[in-house]
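Undergrad: Before we start, here is the structure in question, set down as structure tokens.
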Amino acid sequence: MPIAALTPGMLACRYQFDVKGFGSGPSNLVCVYEADFPDEDAMKKAFTTREGLAVLQDVANLPTRLHPQVFHFKVENYRPDGSLAIGCESRKGGA
């Protein structure tokens, strides 16, 4: 994770090596790593830098039996009151 911590523009990151399956089943994941960026453009720019490219290369160095994957997605935070937080704004979310 030290290489990933150097990714420019990253707001926060989280990781866990103790990934368990739900219930009694085992997980097919060895590690989950998540990084937050201000927006998609900032993330894309970060991974064109020397540091960002080193992170992607490090993923490629993992044993293939682990089936390493890199993907991105937009996060929307759902609140128990039914609102959907997007940045500093919120709107009423449906089910």
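Letters A, B, ... go to the chains of the structure tokens in the order shown; residues in each chain start at 1; ligands are counted from 1 in the same order.
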Extract the full set of strand (DSSP E) residues from region 26-70 of chain A according to DSSP on the backbone, and format it as a ChimeraX atom specification.
TA: /A:32-36
Undergrad: Store the residues of this selection in a file with C-alpha atoms, as a PDB file, in the first residue's frame.
TA:
```
ATOM      1  CA  VAL A  32      -9.879  -4.871  -1.288  1.00  0.00           C
ATOM      2  CA  TYR A  33      -8.412  -1.407  -1.856  1.00  0.00           C
ATOM      3  CA  GLU A  34     -10.530   1.673  -2.404  1.00  0.00           C
ATOM      4  CA  ALA A  35      -9.370   5.216  -3.201  1.00  0.00           C
ATOM      5  CA  ASP A  36     -11.418   8.420  -3.286  1.00  0.00           C
TER       6      ASP A  36
END
```
Undergrad: Apply DSSP to the backbone of this structure and, from region 1-81 of chain A, keep only the residues in helix (DSSP H, G or I); write these as a list in words.
TA: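 Here are the helix (DSSP H, G or I) residues of region 1-81 of chain A: Ala4, Ala5, Leu6, Glu40, Asp41, Ala42, Met43, Lys44, Lys45, Ala46, Arg50, Glu51, Gly52, Leu53, Ala54, Val55, Leu56, Gln57, Asp58, Val59, Ala60, Thr64, Arg65 and Leu66 of chain A.
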Undergrad: Could you tell me how far CA of Pro38 (chain A) lies from CA of Leu11 (chain A), in Å and to one decimal?
TA: 7.0 Å
Undergrad: Which distance in Å separates CA of Cys31 (chain A) and CA of Ala4 (chain A), to one decimal?
TA: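 Interatomic distance, CA of Cys31 (chain A) to CA of Ala4 (chain A): 13.5 Å.
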Undergrad: Neighbouring residues of region 49-53 of chain A were defined as those with any atom within 9 Å, considering only C-alpha atoms; residues of the same chain fewer than 5 positions away were excluded. Please report them as a list in words.
TA: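 So the residues in contact are Ile3, Ala4, Leu6, Thr7, Pro8 and Asp58 of chain A.
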